[in-house]
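Colleague: I'm passing along model.tsv; it holds TSV, C-alpha atoms.
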chain	number	residue	atom	x	y	z
A	1	MET	CA	28.62	-43.02	-36.03
A	2	THR	CA	28.16	-40.00	-33.77
A	3	THR	CA	30.64	-39.38	-30.94
A	4	GLN	CA	29.61	-39.33	-27.25
A	5	ASN	CA	30.12	-35.60	-27.25
A	6	GLU	CA	27.76	-35.15	-30.21
A	7	GLN	CA	25.19	-37.40	-28.54
A	8	VAL	CA	25.24	-35.26	-25.38
A	9	ARG	CA	24.72	-32.16	-27.55
A	10	GLU	CA	21.76	-33.87	-29.23
A	11	LEU	CA	20.16	-34.69	-25.86
A	12	LEU	CA	20.65	-31.08	-24.75
A	13	LYS	CA	19.10	-29.83	-27.99
A	14	THR	CA	15.99	-31.96	-27.40
A	15	LEU	CA	15.64	-30.75	-23.81
A	16	ARG	CA	15.89	-27.14	-25.00
A	17	GLN	CA	13.12	-27.42	-27.57
A	18	ARG	CA	10.23	-25.16	-26.65
A	19	GLU	CA	7.64	-27.94	-27.01
A	20	VAL	CA	9.67	-30.25	-24.70
A	21	GLY	CA	10.01	-27.54	-22.06
A	22	LEU	CA	12.94	-29.02	-20.13
A	23	LYS	CA	15.50	-26.32	-20.85
A	24	TRP	CA	16.29	-26.02	-17.14
A	25	ILE	CA	17.66	-29.59	-17.11
A	26	ALA	CA	19.80	-28.84	-20.19
A	27	ASP	CA	21.13	-25.69	-18.48
A	28	GLU	CA	22.06	-27.62	-15.37
A	29	ILE	CA	23.81	-30.36	-17.35
A	30	THR	CA	25.78	-27.69	-19.23
A	31	GLU	CA	26.67	-25.92	-15.98
A	32	THR	CA	27.90	-29.17	-14.42
A	33	ILE	CA	30.00	-30.00	-17.48
A	34	ASN	CA	31.46	-26.46	-17.58
A	35	ARG	CA	32.33	-26.65	-13.88
A	36	GLY	CA	34.79	-29.49	-14.61
A	37	ASN	CA	36.39	-31.79	-12.07
A	38	PRO	CA	38.33	-30.42	-9.10
A	39	VAL	CA	41.61	-32.32	-8.82
A	40	HIS	CA	43.74	-32.31	-5.67
A	41	LYS	CA	47.50	-32.58	-6.08
A	42	THR	CA	50.78	-32.03	-4.31
A	43	VAL	CA	53.20	-29.65	-6.03
A	44	ASP	CA	56.70	-28.28	-5.43
A	45	GLY	CA	56.71	-25.15	-3.27
A	46	ASP	CA	59.54	-22.81	-2.35
A	47	GLY	CA	62.59	-24.72	-1.23
A	48	LYS	CA	62.02	-28.34	-0.23
A	49	LYS	CA	58.41	-27.82	0.83
A	50	ARG	CA	55.64	-29.74	-0.96
A	51	LEU	CA	52.32	-27.91	-1.18
A	52	LYS	CA	48.76	-29.20	-1.42
A	53	ALA	CA	46.94	-27.56	-4.34
A	54	THR	CA	43.85	-27.98	-6.49
A	55	SER	CA	43.10	-27.44	-10.13
A	56	ILE	CA	40.07	-27.88	-12.39
A	57	GLU	CA	40.20	-30.39	-15.23
A	58	PRO	CA	37.66	-30.69	-18.05
A	59	LEU	CA	35.35	-33.72	-18.08
A	60	THR	CA	36.04	-36.53	-20.54
A	61	ASP	CA	33.40	-37.34	-23.18
A	62	SER	CA	32.35	-40.35	-21.16
A	63	GLU	CA	32.02	-38.27	-17.97
A	64	GLU	CA	29.93	-35.72	-19.86
A	65	MET	CA	27.59	-38.48	-21.00
A	66	ASN	CA	27.31	-39.73	-17.40
A	67	VAL	CA	26.39	-36.24	-16.21
A	68	ALA	CA	23.58	-36.10	-18.80
A	69	LEU	CA	22.26	-39.61	-18.05
A	70	ASN	CA	22.36	-39.01	-14.26
A	71	ALA	CA	20.42	-35.77	-14.57
A	72	LEU	CA	17.72	-37.35	-16.77
A	73	GLN	CA	17.37	-40.32	-14.41
A	74	THR	CA	17.20	-38.13	-11.29
A	75	TYR	CA	14.82	-35.45	-12.51
A	76	LEU	CA	12.55	-37.38	-14.85
A	77	CYS	CA	12.44	-40.88	-13.31
A	78	ASP	CA	13.59	-41.04	-9.67
A	79	ILE	CA	11.45	-38.10	-8.51
A	80	HIS	CA	8.35	-40.33	-8.71
A	81	ALA	CA	9.82	-42.82	-6.22
A	82	PHE	CA	10.44	-39.91	-3.79
A	83	TRP	CA	6.83	-38.78	-4.06
A	84	GLU	CA	5.38	-42.29	-3.69
A	85	ARG	CA	7.42	-42.82	-0.53
A	86	THR	CA	6.36	-39.43	0.84
A	87	ALA	CA	2.66	-40.17	0.35
A	88	SER	CA	2.86	-43.65	1.89
A	89	THR	CA	4.89	-42.44	4.91
A	90	ALA	CA	2.37	-39.65	5.54
A	91	LEU	CA	-0.46	-42.22	5.58
A	92	GLU	CA	1.46	-44.49	7.97
A	93	THR	CA	2.61	-41.87	10.45
A	94	ILE	CA	-0.03	-39.14	10.67
A	95	SER	CA	-3.09	-39.69	12.86
A	96	GLN	CA	-6.11	-39.08	10.66
A	97	PRO	CA	-8.90	-36.81	11.85
A	98	ARG	CA	-12.14	-38.49	12.95
A	99	ARG	CA	-14.18	-39.25	9.84
A	100	ARG	CA	-17.84	-38.35	9.49
A	101	SER	CA	-18.10	-40.40	6.30
A	102	PRO	CA	-16.10	-43.65	6.01
A	103	GLU	CA	-15.15	-43.05	2.36
A	104	ARG	CA	-13.19	-39.89	3.26
A	105	GLN	CA	-9.47	-40.61	2.73
A	106	PHE	CA	-6.50	-38.68	4.06
A	107	THR	CA	-4.31	-37.33	1.22
A	108	VAL	CA	-1.22	-35.17	0.67
A	109	GLU	CA	-1.22	-32.71	-2.24
A	110	VAL	CA	1.04	-30.10	-3.78
A	111	SER	CA	-0.51	-27.06	-5.43
A	112	ASP	CA	1.06	-24.89	-8.14
A	113	GLU	CA	1.64	-21.14	-8.14
A	114	GLU	CA	-2.05	-20.53	-8.95
A	115	GLY	CA	-3.24	-22.77	-6.13
A	116	ALA	CA	-4.36	-25.66	-8.36
A	117	ALA	CA	-3.35	-29.17	-7.29
A	118	ILE	CA	-0.57	-30.74	-9.37
A	119	VAL	CA	-2.26	-33.87	-10.66
A	120	LEU	CA	-0.39	-36.58	-12.50
A	121	GLU	CA	-2.10	-38.15	-15.51
A	122	VAL	CA	-1.54	-41.87	-16.02
A	123	LYS	CA	0.78	-41.33	-19.04
A	124	HIS	CA	3.07	-39.26	-16.84
A	125	THR	CA	3.48	-42.14	-14.43
A	126	LEU	CA	4.23	-44.65	-17.23
A	127	LEU	CA	6.76	-42.62	-19.23
A	128	PRO	CA	9.37	-42.42	-16.44
A	129	THR	CA	9.48	-46.23	-16.25
A	130	ARG	CA	10.14	-46.46	-20.00
A	131	LEU	CA	12.76	-43.71	-19.88
A	132	SER	CA	14.46	-45.39	-16.93
A	133	GLU	CA	14.77	-48.63	-18.95
A	134	LEU	CA	16.25	-46.74	-21.91
A	135	LEU	CA	18.74	-44.90	-19.68
A	136	ALA	CA	19.83	-48.21	-18.14
A	137	GLU	CA	20.50	-49.52	-21.66
A	138	ALA	CA	22.42	-46.36	-22.48
A	139	ARG	CA	24.58	-46.79	-19.37
A	140	ALA	CA	25.28	-50.41	-20.34
A	141	ASP	CA	26.27	-49.23	-23.85
A	142	GLU	CA	28.63	-46.67	-22.29
A	143	GLU	CA	30.30	-49.32	-20.12
A	144	ASN	CA	30.82	-51.56	-23.15
A	145	GLU	CA	32.42	-48.83	-25.25
B	1	MET	CA	25.37	-45.32	-27.20
B	2	ARG	CA	23.60	-46.95	-30.16
B	3	PRO	CA	22.03	-44.28	-32.43
B	4	GLU	CA	18.59	-45.98	-32.33
B	5	LEU	CA	18.68	-45.85	-28.51
B	6	LEU	CA	19.48	-42.14	-28.58
B	7	THR	CA	16.54	-41.61	-30.95
B	8	GLU	CA	14.21	-43.47	-28.59
B	9	ILE	CA	15.43	-41.47	-25.56
B	10	ASN	CA	14.88	-38.25	-27.49
B	11	GLN	CA	11.34	-39.34	-28.41
B	12	CYS	CA	10.60	-40.16	-24.77
B	13	LEU	CA	11.96	-36.77	-23.63
B	14	GLY	CA	9.70	-35.11	-26.19
B	15	GLN	CA	6.67	-36.32	-24.24
B	16	MET	CA	7.94	-35.77	-20.72
B	17	GLY	CA	7.92	-31.99	-20.42
B	18	ALA	CA	4.14	-32.06	-19.93
B	19	ASN	CA	4.60	-33.85	-16.57
B	20	PRO	CA	3.69	-31.14	-14.02
B	21	MET	CA	6.14	-32.55	-11.44
B	22	VAL	CA	9.22	-31.80	-13.54
B	23	GLN	CA	8.51	-28.50	-15.29
B	24	THR	CA	10.99	-26.50	-13.18
B	25	HIS	CA	13.85	-27.21	-10.79
B	26	ALA	CA	11.78	-25.60	-8.03
B	27	ARG	CA	9.16	-28.33	-8.50
B	28	THR	CA	11.57	-31.25	-8.21
B	29	ASP	CA	13.13	-29.50	-5.19
B	30	LYS	CA	9.66	-29.26	-3.61
B	31	PHE	CA	9.03	-33.00	-4.02
B	32	PHE	CA	12.41	-33.69	-2.42
B	33	GLU	CA	11.62	-31.31	0.47
B	34	LEU	CA	8.44	-33.29	1.07
B	35	PHE	CA	10.39	-36.53	1.03
B	36	VAL	CA	12.68	-35.14	3.75
B	37	TRP	CA	9.50	-33.95	5.54
B	38	SER	CA	8.27	-37.56	5.49
B	39	CYS	CA	11.60	-38.79	6.94
B	40	THR	CA	11.10	-36.24	9.75
B	41	LEU	CA	7.59	-37.63	10.35
B	42	ARG	CA	9.10	-41.11	10.73
B	43	ALA	CA	11.71	-39.81	13.17
B	44	LEU	CA	9.04	-38.05	15.23
B	45	ARG	CA	6.88	-41.19	15.32
B	46	ASN	CA	9.91	-43.24	16.36
B	47	ILE	CA	10.42	-41.08	19.44
B	48	GLY	CA	6.73	-41.40	20.36
B	49	ALA	CA	5.27	-38.13	19.06
B	50	THR	CA	1.64	-37.91	17.92
B	51	LEU	CA	1.16	-36.20	14.56
B	52	SER	CA	-2.04	-34.44	13.46
B	53	PRO	CA	-2.67	-32.78	10.06
B	54	ARG	CA	-3.87	-29.13	9.93
B	55	ASN	CA	-4.79	-26.91	7.00
B	56	SER	CA	-3.57	-23.35	6.41
B	57	ASN	CA	-6.33	-22.06	8.73
B	58	ASP	CA	-5.04	-24.29	11.55
B	59	GLN	CA	-8.04	-26.64	11.36
B	60	ALA	CA	-8.03	-30.45	11.31
B	61	THR	CA	-7.98	-31.64	7.69
B	62	PHE	CA	-8.12	-34.70	5.46
B	63	THR	CA	-6.03	-32.99	2.77
B	64	LEU	CA	-2.57	-31.75	3.65
B	65	ARG	CA	-1.84	-29.24	0.91
B	66	PHE	CA	1.67	-27.96	0.28
B	67	ARG	CA	2.50	-25.06	-2.00
B	68	LEU	CA	5.26	-24.47	-4.51
B	69	GLY	CA	5.85	-20.91	-3.33
B	70	PRO	CA	6.96	-19.80	0.13
B	71	GLY	CA	4.17	-19.13	2.63
B	72	LEU	CA	3.44	-16.64	5.39
B	73	LEU	CA	2.20	-18.30	8.56
B	74	TYR	CA	-0.64	-15.82	9.15
B	75	ASN	CA	-1.91	-15.70	5.56
B	76	PRO	CA	-4.11	-18.74	4.72
B	77	ALA	CA	-3.86	-17.88	1.01
B	78	SER	CA	-0.13	-18.62	1.04
B	79	ALA	CA	0.42	-20.71	4.18
B	80	PRO	CA	0.91	-24.43	3.55
B	81	GLY	CA	-0.74	-27.24	5.48
B	82	PHE	CA	1.30	-28.48	8.44
B	83	VAL	CA	1.49	-31.15	11.11
B	84	VAL	CA	1.01	-30.59	14.83
B	85	VAL	CA	3.57	-32.57	16.81
B	86	ASP	CA	2.59	-33.58	20.33
B	87	TYR	CA	5.67	-34.80	22.18
B	88	GLN	CA	5.88	-35.42	25.93
B	89	GLY	CA	3.25	-32.80	26.74
B	90	SER	CA	4.72	-30.09	24.51
B	91	LYS	CA	3.34	-29.05	21.14
B	92	TYR	CA	5.17	-28.03	17.96
B	93	GLU	CA	4.43	-27.53	14.27
B	94	LEU	CA	6.30	-29.27	11.45
B	95	GLN	CA	6.22	-26.77	8.59
B	96	ASN	CA	7.36	-26.73	4.95
B	97	GLY	CA	8.25	-23.72	2.80
B	98	LEU	CA	7.59	-21.11	5.45
B	99	ARG	CA	9.03	-17.60	5.81
B	100	VAL	CA	10.74	-17.01	9.15
B	101	LEU	CA	12.76	-14.05	10.46
B	102	GLY	CA	16.45	-14.71	10.99
B	103	SER	CA	18.54	-13.05	13.71
B	104	SER	CA	19.10	-10.05	11.39
B	105	LYS	CA	15.28	-9.66	11.19
B	106	VAL	CA	15.36	-10.51	7.48
B	107	LEU	CA	12.78	-13.05	6.20
B	108	HIS	CA	14.13	-16.38	4.98
B	109	GLU	CA	12.26	-19.28	3.45
B	110	LEU	CA	12.90	-22.44	5.45
B	111	ASP	CA	12.44	-25.64	3.46
B	112	LEU	CA	11.59	-27.56	6.57
B	113	CYS	CA	11.31	-26.41	10.17
B	114	ILE	CA	9.79	-27.24	13.53
B	115	LEU	CA	8.27	-24.28	15.37
B	116	LYS	CA	7.00	-23.98	18.92
B	117	ARG	CA	3.21	-24.28	18.62
B	118	SER	CA	2.55	-21.48	21.14
B	119	ALA	CA	4.72	-19.04	19.15
B	120	ALA	CA	3.10	-20.07	15.84
B	121	LYS	CA	-0.40	-19.57	17.26
B	122	ARG	CA	0.55	-16.14	18.55
B	123	CYS	CA	1.93	-15.20	15.11
B	124	ARG	CA	-1.36	-16.25	13.45
B	125	ARG	CA	-3.36	-14.24	15.99
B	126	GLN	CA	-1.23	-11.11	15.61
B	127	SER	CA	-0.53	-11.51	11.85
B	128	ILE	CA	3.23	-11.42	12.29
B	129	ASP	CA	6.08	-13.61	11.04
B	130	PRO	CA	7.68	-16.11	13.40
B	131	ASP	CA	11.27	-15.34	14.35
B	132	CYS	CA	14.31	-17.52	14.91
B	133	SER	CA	13.56	-17.96	18.63
B	134	ALA	CA	10.49	-20.05	17.69
B	135	VAL	CA	12.51	-22.49	15.56
B	136	LYS	CA	13.68	-25.78	17.09
B	137	PHE	CA	14.90	-27.50	13.91
B	138	LEU	CA	15.57	-26.59	10.30
B	139	ALA	CA	16.60	-28.47	7.18
B	140	GLU	CA	17.64	-27.03	3.85
B	141	CYS	CA	16.88	-29.54	1.07
B	142	LYS	CA	18.55	-29.82	-2.34
B	143	TYR	CA	17.66	-32.14	-5.21
B	144	TYR	CA	20.31	-32.37	-7.91
B	145	GLY	CA	21.07	-34.46	-10.98
B	146	ASN	CA	24.79	-34.66	-10.19
B	147	ASN	CA	27.22	-33.56	-7.46
B	148	LEU	CA	26.10	-30.45	-5.60
B	149	PRO	CA	27.69	-27.18	-6.73
B	150	LEU	CA	29.77	-25.39	-4.11
B	151	HIS	CA	27.55	-22.29	-4.01
B	152	LEU	CA	24.87	-24.35	-2.24
B	153	GLY	CA	27.27	-24.85	0.65
B	154	ARG	CA	27.94	-21.10	0.83
B	155	GLU	CA	24.20	-20.34	0.76
B	156	TYR	CA	23.56	-22.85	3.51
B	157	LEU	CA	26.25	-21.29	5.71
B	158	GLY	CA	24.61	-17.88	5.23
B	159	LEU	CA	21.21	-19.23	6.24
B	160	SER	CA	22.64	-21.25	9.08
B	161	SER	CA	24.34	-18.19	10.61
B	162	GLU	CA	20.88	-16.58	10.90
B	163	PHE	CA	19.52	-19.40	13.08
B	164	SER	CA	21.58	-20.44	16.07
B	165	LEU	CA	20.15	-23.90	16.70
B	166	ARG	CA	21.54	-27.25	17.71
B	167	VAL	CA	19.68	-29.17	15.01
B	168	LYS	CA	20.05	-27.77	11.51
B	169	THR	CA	21.20	-29.63	8.46
B	170	LEU	CA	21.74	-29.54	4.72
B	171	VAL	CA	20.04	-32.57	3.13
B	172	ALA	CA	20.52	-33.66	-0.48
B	173	ASN	CA	19.91	-36.60	-2.78
B	174	ARG	CA	23.47	-36.23	-4.05
B	175	ALA	CA	26.78	-35.60	-2.32
B	176	SER	CA	29.67	-33.21	-2.65
B	177	PRO	CA	32.95	-33.69	-0.76
B	178	GLU	CA	33.65	-29.95	-1.17
B	179	VAL	CA	30.30	-28.80	0.21
B	180	HIS	CA	30.64	-31.27	3.10
B	181	LYS	CA	34.16	-29.99	3.86
B	182	LEU	CA	33.00	-26.36	3.79
B	183	VAL	CA	29.94	-26.93	5.98
B	184	LYS	CA	31.83	-29.17	8.44
B	185	ARG	CA	34.58	-26.53	8.80
B	186	HIS	CA	31.90	-24.15	10.08
B	187	LYS	CA	30.48	-26.74	12.49
B	188	GLY	CA	27.50	-27.53	10.27
B	189	THR	CA	25.92	-30.88	9.47
B	190	THR	CA	25.22	-32.45	6.09
B	191	ASN	CA	23.10	-35.49	5.24
B	192	PHE	CA	23.87	-36.49	1.66
B	193	ASN	CA	22.77	-39.25	-0.74
B	194	ILE	CA	19.32	-39.51	0.85
B	195	ASN	CA	17.01	-41.47	-1.42
B	196	PRO	CA	14.18	-43.99	-1.03
B	197	ASN	CA	16.07	-46.81	-2.78
B	198	ASP	CA	18.80	-46.77	-0.14
B	199	THR	CA	16.93	-48.22	2.83
B	200	LEU	CA	20.00	-48.37	5.07
B	201	GLY	CA	20.97	-44.75	4.35
B	202	MET	CA	17.40	-43.62	4.94
B	203	ASP	CA	17.17	-45.51	8.24
B	204	GLN	CA	20.43	-43.92	9.37
B	205	PHE	CA	19.13	-40.46	8.47
B	206	VAL	CA	15.83	-41.07	10.30
B	207	GLY	CA	17.80	-42.41	13.29
B	208	TRP	CA	20.01	-39.30	13.31
B	209	LEU	CA	16.93	-37.05	13.16
B	210	ALA	CA	15.23	-38.98	15.98
B	211	THR	CA	18.27	-38.71	18.27
B	212	GLU	CA	18.69	-35.00	17.60
B	213	LEU	CA	15.00	-34.12	17.90
B	214	LYS	CA	14.81	-35.99	21.22
B	215	HIS	CA	17.40	-33.54	22.56
B	216	VAL	CA	15.68	-30.35	21.45
B	217	LEU	CA	11.94	-31.03	21.76
Could I get this file's structure written as structure tokens?

Modeller:
Amino acid sequence: MTTQNEQVRELLKTLRQREVGLKWIADEITETINRGNPVHKTVDGDGKKRLKATSIEPLTDSEEMNVALNALQTYLCDIHAFWERTASTALETISQPRRRSPERQFTVEVSDEEGAAIVLEVKHTLLPTRLSELLAEARADEENE
Amino acid sequence: MRPELLTEINQCLGQMGANPMVQTHARTDKFFELFVWSCTLRALRNIGATLSPRNSNDQATFTLRFRLGPGLLYNPASAPGFVVVDYQGSKYELQNGLRVLGSSKVLHELDLCILKRSAAKRCRRQSIDPDCSAVKFLAECKYYGNNLPLHLGREYLGLSSEFSLRVKTLVANRASPEVHKLVKRHKGTTNFNINPNDTLGMDQFVGWLATELKHVL
């Protein structure tokens, strides 16, 4: 049985694989874990005075796993809900120009660095749903441990 | 976590990198910026503004195209599409990812801003960058997987000091008590935990935007 800590490392290793191409998410998870948790406390000062202070404590294995699962959910699954809402709000709120041909539809697009529109293939809209289900199961497993 | 579940997650991740929306942090940030842009559209509609789409050449369009990189207002090759806001007889432009001069005369990329339409038109005519006097509203947008790191608060304060406006805010899908404390201490505003699944939070954010924009437009 692998530990939570080893499982987080395995997820990071997958994200960092060249063919997966999601190293940036692994880097951010690592950075968040390394940042630790700021903890506020009251300590003895000079004389009778009590002082407010902070210190940084390392994350527990379970917290590290949560950081990884949250990042995967946010970047790979939730982002689609943000975009869907953006596109539907634009259609509802913006007055469309007068149409010469009735089939012309108003759309919102994002283009990449080369000016080509970022187009989502069907498989890219289905995978996030599957991943989201798996991450929910993983969270349930974590709560039961 | 069960080992077989971890294997399945790893397999799923193996196929996800090809999704063009998630290849870099800048891309997910862009989609979040546009979500905040759409909240601003709702706020503007709620106060009775009329919104018309324009392309990078300032012509009416059926396709509002945004760009991943920052744009120059007067250069159609880099300028993004935008929305003309007509509110109580005055006109403005709601822009995304545009370079604007701060009070130090250094160019900054503003994730989201509202410019005076007359100033923007003049800038296009004269091929110059808009400056901070043309800006009526700005929002810096951050999309993160976990709590926001403190350096984002410091960066926002730096940007904010370049634009002396009533309505400017740091918007994020996540929160950070530390960033909030830092920004609040310097009389700034944060709007955290903004996401489409939290209808109440979104309505509150749109309501806040509407109230503030009413005061400055």

Colleague: Taking all atoms listed in the file into account, which of B:Cys141, B:Ala77, B:Cys113, B:Leu98 comes nearest B:Lys30?

Modeller: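 So, comparing all the options, the nearest one is B:Cys141.
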
Colleague: Give me the residues of chain A that have any atom at most 6 Å from an atom of chain B; for each, the nearest atom pair and the distance in Å, rounded to one decimal. Use all atoms listed in the file, sort by chain and number, and format it as a tab-separated table.

Modeller:
residue	atom	partner	partner_atom	distance
A:Val20	CA	B:Gly17	CA	4.9
A:Gly21	CA	B:Gly17	CA	5.2
A:Leu22	CA	B:Gly17	CA	5.8
A:Asn70	CA	B:Gly145	CA	5.8
A:Ala71	CA	B:Gly145	CA	3.9
A:Thr74	CA	B:Gly145	CA	5.3
A:Phe82	CA	B:Phe35	CA	5.9
A:Thr86	CA	B:Phe35	CA	5.0
A:Thr89	CA	B:Ser38	CA	6.0
A:Ile94	CA	B:Leu51	CA	5.0
A:Ser95	CA	B:Ser52	CA	5.4
A:Phe106	CA	B:Phe62	CA	4.5
A:Thr107	CA	B:Thr63	CA	4.9
A:Val108	CA	B:Leu64	CA	4.7
A:Glu109	CA	B:Arg65	CA	4.7
A:Val110	CA	B:Phe66	CA	4.6
A:Ser111	CA	B:Arg67	CA	5.0
A:Asp112	CA	B:Leu68	CA	5.6
A:His124	CA	B:Asn19	CA	5.6
A:Ala138	CA	B:Met1	CA	5.7
A:Asp141	CA	B:Met1	CA	5.2

Colleague: Between A:Met65, A:Lys41, A:Gly115, A:Gly47, single out the one closest to B:Pro76, counting all atoms listed in the file.

Modeller: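 Checking each candidate against B:Pro76, we get A:Gly115 as the closest.
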
Colleague: Considering only C-alpha atoms, can you say which of B:Leu150, B:Leu209, B:Val167, B:Leu101 comes closest to B:Leu182?

Modeller: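 Using only C-alpha atoms, the shortest distance to B:Leu182 belongs to B:Leu150.
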
Colleague: I'd like the interatomic distance between atom CA of A:Asn34 and atom CA of A:Asp61, to a tenth of an Å.

Modeller: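 Between atom CA of A:Asn34 and atom CA of A:Asp61 the gap works out to 12.4 Å.
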
Colleague: What is the atom CA of A:Leu91 to atom CA of B:Val206 distance in Å?

Modeller: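 Atom-to-atom, atom CA of A:Leu91 and atom CA of B:Val206 are spaced 17.0 Å apart.
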
Colleague: In Å, with one decimal, what is the gap from atom CA of B:Cys132 to atom CA of B:Leu165?

Modeller: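 Rounded to one decimal, the two atoms are 8.8 Å apart.
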
Colleague: Would you list the contacts of B:Ala134 as a list in words, taking every protein, DNA or RNA residue within 9 Å and counting only C-alpha atoms, but skipping same-chain residues closer than 5 positions in sequence?

Modeller: Ile114, Leu115, Lys116, Arg117, Ser118, Ala119 and Ala120 of chain B

Colleague: Got a sec: who's within 7 Å of B:Val183, counting only C-alpha atoms, leaving out chain neighbours fewer than 6 positions off, as a ChimeraX atom specification?

Modeller: /B:153,157,189

Colleague: Considering all atoms listed in the file, state which residue in the set B:Cys123, B:Ala79, B:Ala139, B:Leu73 is at the smallest distance from B:Ala172.

Modeller: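 Of B:Cys123, B:Ala79, B:Ala139, B:Leu73, the one nearest B:Ala172, counting all atoms listed in the file, is B:Ala139.
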